[in-house]
Amino acid sequence: MCRFFFYSFLLVTASSCRTVHTASSTALLLDTRWVIEQIDGKAVAEDAPEAYITLQSGEAQTVSGNTGCNAISGTFRVADGGLTFSGVAMTRRACLNANIESEFTGVLSRTAAYRISGGKLILTDGKNDIAVFKK
């Protein structure tokens with residue numbers, strides 16, 4: 001009987017830690033230019049070209065942005081506390097400056113959820129933080 005209450009307590013405690021996204025938190029996500037700061041816990045070099053995404057509101061749910069060299073576009077879906085990107089296409093310009101292109105696009109393909117904390121957008125793979133963006 002004690003085990004039942006113990007496991008019930010753990011289940012309730014664990015489920016209460018899940019991030020709940022409300023209409024207002026989703027509104028904070030949309031129509032904002034989010035500039036990448038960190039990828040997989042590593043700060044983006046200050047001299048790197050600016051890489052960013054913008055998630056547009058509306059039925060189409062489109063994402064656009066720039067990798068620091070090439071433009072990107074695609075779609076996103078926010079549902080059940082998750083965030084996923086799909087159909088992300090990129091221009092293929094030859095870039096002379098070092099950039100974070102492959103890491104940046106890799107983050108989008110691995111994203112499963114998000115949270116907004118302290119004015120920052122944090123993308124996760126469902127378990128770990130994989131990117132941090134600033135406004």
# chains A, B, ... in the order shown; residues from 1 in each chain; ligands from 1
$ residues_around --residues "Arg92 (chain A)" --least-positions-apart "6" --cutoff "12 Å" --atoms "only C-alpha atoms" --output "NGL selection string"
:A and (66-67 or 69-72 or 101)
$ select_by_dssp --residues "chain A" --states "helix (DSSP H, G or I)" --output "NGL selection string"
:A and (2-16 or 23-29 or 101-110)
$ atom_distance --atom1 "CA of Ser57 (chain A)" --atom2 "CA of Gly74 (chain A)"
13.2 Å
$ residues_around --residues "region 29-38 of chain A" --least-positions-apart "5" --cutoff "7 Å" --atoms "only C-alpha atoms" --output "list in words"
Ala43, Val44, Glu50, Ala51, Tyr52, Ile53, Thr54, Leu55, Gln56, Ser57, Ala131, Val132, Phe133, Lys134 and Lys135 of chain A
$ select_by_dssp --residues "chain A" --states "strand (DSSP E or B)" --output "ChimeraX atom specification"
/A:33-39,42-43,52-55,62-66,71-79,82-90,113-117,120-124,129-134
$ write_last_selection --atoms "N, CA and C atoms" --output "short mmCIF file (atom, residue, chain, number, x, y, z; two decimals), in the first residue's frame"
data_model
loop_
_atom_site.label_atom_id
_atom_site.label_comp_id
_atom_site.auth_asym_id
_atom_site.auth_seq_id
_atom_site.Cartn_x
_atom_site.Cartn_y
_atom_site.Cartn_z
N ARG A 33 11.73 37.92 -34.12
CA ARG A 33 13.01 37.51 -34.71
C ARG A 33 13.86 36.95 -33.58
N TRP A 34 14.13 35.66 -33.60
CA TRP A 34 14.91 34.97 -32.58
C TRP A 34 16.32 34.73 -33.11
N VAL A 35 17.30 35.32 -32.47
CA VAL A 35 18.70 35.24 -32.89
C VAL A 35 19.41 34.18 -32.05
N ILE A 36 20.10 33.28 -32.72
CA ILE A 36 20.76 32.17 -32.02
C ILE A 36 21.89 32.68 -31.12
N GLU A 37 21.96 32.14 -29.90
CA GLU A 37 23.03 32.46 -28.95
C GLU A 37 23.89 31.25 -28.63
N GLN A 38 23.22 30.08 -28.48
CA GLN A 38 23.92 28.86 -28.09
C GLN A 38 23.38 27.69 -28.89
N ILE A 39 24.28 26.77 -29.21
CA ILE A 39 23.90 25.50 -29.83
C ILE A 39 24.56 24.39 -29.03
N LYS A 42 27.01 25.41 -26.35
CA LYS A 42 28.19 26.21 -26.72
C LYS A 42 27.73 27.55 -27.28
N ALA A 43 28.34 28.62 -26.80
CA ALA A 43 28.00 29.96 -27.27
C ALA A 43 28.43 30.11 -28.73
N TYR A 52 19.22 33.55 -37.47
CA TYR A 52 17.95 33.79 -36.78
C TYR A 52 16.81 33.03 -37.44
N ILE A 53 15.71 32.92 -36.70
CA ILE A 53 14.45 32.40 -37.23
C ILE A 53 13.32 33.31 -36.79
N THR A 54 12.26 33.31 -37.57
CA THR A 54 11.01 33.98 -37.23
C THR A 54 9.88 33.01 -37.55
N LEU A 55 9.03 32.74 -36.57
CA LEU A 55 7.88 31.88 -36.77
C LEU A 55 6.66 32.78 -36.97
N THR A 62 4.44 29.29 -40.97
CA THR A 62 5.71 29.25 -41.69
C THR A 62 6.85 29.78 -40.82
N VAL A 63 8.02 29.25 -41.08
CA VAL A 63 9.24 29.72 -40.43
C VAL A 63 10.16 30.23 -41.52
N SER A 64 10.80 31.33 -41.24
CA SER A 64 11.80 31.86 -42.16
C SER A 64 12.98 32.32 -41.33
N GLY A 65 14.10 32.53 -41.98
CA GLY A 65 15.27 32.98 -41.24
C GLY A 65 16.49 32.99 -42.10
N ASN A 66 17.64 32.98 -41.43
CA ASN A 66 18.91 33.03 -42.11
C ASN A 66 19.93 32.29 -41.26
N ALA A 71 19.45 31.84 -46.72
CA ALA A 71 18.07 32.00 -46.24
C ALA A 71 17.44 30.63 -46.06
N ILE A 72 16.58 30.51 -45.05
CA ILE A 72 15.84 29.27 -44.83
C ILE A 72 14.36 29.57 -44.79
N SER A 73 13.56 28.57 -45.12
CA SER A 73 12.10 28.68 -45.01
C SER A 73 11.54 27.28 -44.85
N GLY A 74 10.38 27.21 -44.23
CA GLY A 74 9.73 25.93 -44.02
C GLY A 74 8.45 26.13 -43.23
N THR A 75 8.01 25.08 -42.57
CA THR A 75 6.81 25.15 -41.75
C THR A 75 7.13 24.66 -40.35
N PHE A 76 6.26 24.99 -39.42
CA PHE A 76 6.40 24.51 -38.05
C PHE A 76 5.03 24.11 -37.54
N ARG A 77 5.04 23.37 -36.45
CA ARG A 77 3.80 22.95 -35.79
C ARG A 77 3.99 23.06 -34.29
N VAL A 78 3.05 23.74 -33.65
CA VAL A 78 3.01 23.81 -32.19
C VAL A 78 1.76 23.06 -31.75
N ALA A 79 1.95 22.00 -30.99
CA ALA A 79 0.82 21.20 -30.52
C ALA A 79 1.24 20.37 -29.31
N GLY A 82 4.56 20.71 -27.80
CA GLY A 82 5.73 20.44 -28.64
C GLY A 82 5.90 21.47 -29.74
N LEU A 83 7.05 21.46 -30.35
CA LEU A 83 7.35 22.31 -31.50
C LEU A 83 8.19 21.49 -32.45
N THR A 84 7.74 21.40 -33.70
CA THR A 84 8.51 20.69 -34.72
C THR A 84 8.58 21.54 -35.97
N PHE A 85 9.66 21.37 -36.71
CA PHE A 85 9.87 22.04 -37.98
C PHE A 85 9.88 20.99 -39.08
N SER A 86 9.35 21.35 -40.25
CA SER A 86 9.38 20.42 -41.37
C SER A 86 9.51 21.18 -42.69
N GLY A 87 9.92 20.45 -43.70
CA GLY A 87 10.06 21.03 -45.02
C GLY A 87 10.99 22.22 -45.07
N VAL A 88 12.01 22.23 -44.23
CA VAL A 88 12.92 23.37 -44.19
C VAL A 88 13.85 23.30 -45.40
N ALA A 89 13.79 24.36 -46.21
CA ALA A 89 14.64 24.47 -47.40
C ALA A 89 15.62 25.63 -47.20
N MET A 90 16.72 25.57 -47.93
CA MET A 90 17.75 26.58 -47.74
C MET A 90 18.35 26.95 -49.10
N ALA A 113 10.42 20.33 -28.69
CA ALA A 113 9.65 21.16 -27.76
C ALA A 113 10.38 22.48 -27.56
N TYR A 114 9.71 23.38 -26.85
CA TYR A 114 10.30 24.68 -26.57
C TYR A 114 9.79 25.21 -25.25
N ARG A 115 10.51 26.21 -24.76
CA ARG A 115 10.02 27.00 -23.63
C ARG A 115 10.59 28.40 -23.79
N ILE A 116 9.92 29.37 -23.20
CA ILE A 116 10.40 30.74 -23.19
C ILE A 116 10.65 31.09 -21.73
N SER A 117 11.89 31.50 -21.46
CA SER A 117 12.29 31.80 -20.10
C SER A 117 13.22 33.00 -20.11
N LYS A 120 14.08 34.50 -23.44
CA LYS A 120 14.85 33.67 -24.37
C LYS A 120 14.01 32.49 -24.81
N LEU A 121 14.20 32.10 -26.07
CA LEU A 121 13.56 30.91 -26.62
C LEU A 121 14.54 29.76 -26.49
N ILE A 122 14.10 28.69 -25.84
CA ILE A 122 14.95 27.53 -25.64
C ILE A 122 14.31 26.35 -26.36
N LEU A 123 15.04 25.79 -27.32
CA LEU A 123 14.57 24.62 -28.05
C LEU A 123 15.16 23.38 -27.41
N THR A 124 14.36 22.32 -27.33
CA THR A 124 14.82 21.07 -26.74
C THR A 124 14.55 19.92 -27.70
N ASP A 129 18.25 20.64 -23.64
CA ASP A 129 18.25 21.91 -24.36
C ASP A 129 19.24 21.79 -25.50
N ILE A 130 18.82 22.19 -26.70
CA ILE A 130 19.71 22.09 -27.85
C ILE A 130 20.05 23.45 -28.46
N ALA A 131 19.26 24.48 -28.13
CA ALA A 131 19.56 25.82 -28.65
C ALA A 131 18.90 26.88 -27.79
N VAL A 132 19.56 28.04 -27.71
CA VAL A 132 19.02 29.19 -27.00
C VAL A 132 19.06 30.37 -27.96
N PHE A 133 17.92 31.08 -28.06
CA PHE A 133 17.79 32.25 -28.92
C PHE A 133 17.44 33.45 -28.07
N LYS A 134 17.87 34.62 -28.50
CA LYS A 134 17.48 35.88 -27.85
C LYS A 134 16.64 36.67 -28.83
#
$ atom_distance --atom1 "CA of Thr26 (chain A)" --atom2 "CA of Gly118 (chain A)"
14.9 Å
$ atom_distance --atom1 "CA of Ala48 (chain A)" --atom2 "CA of Ala112 (chain A)"
25.9 Å
$ closest_residue --among "A:Asp80, A:Glu59, A:Ser25, A:Gly68" --to "Glu103 (chain A)" --atoms "only C-alpha atoms"
A:Gly68
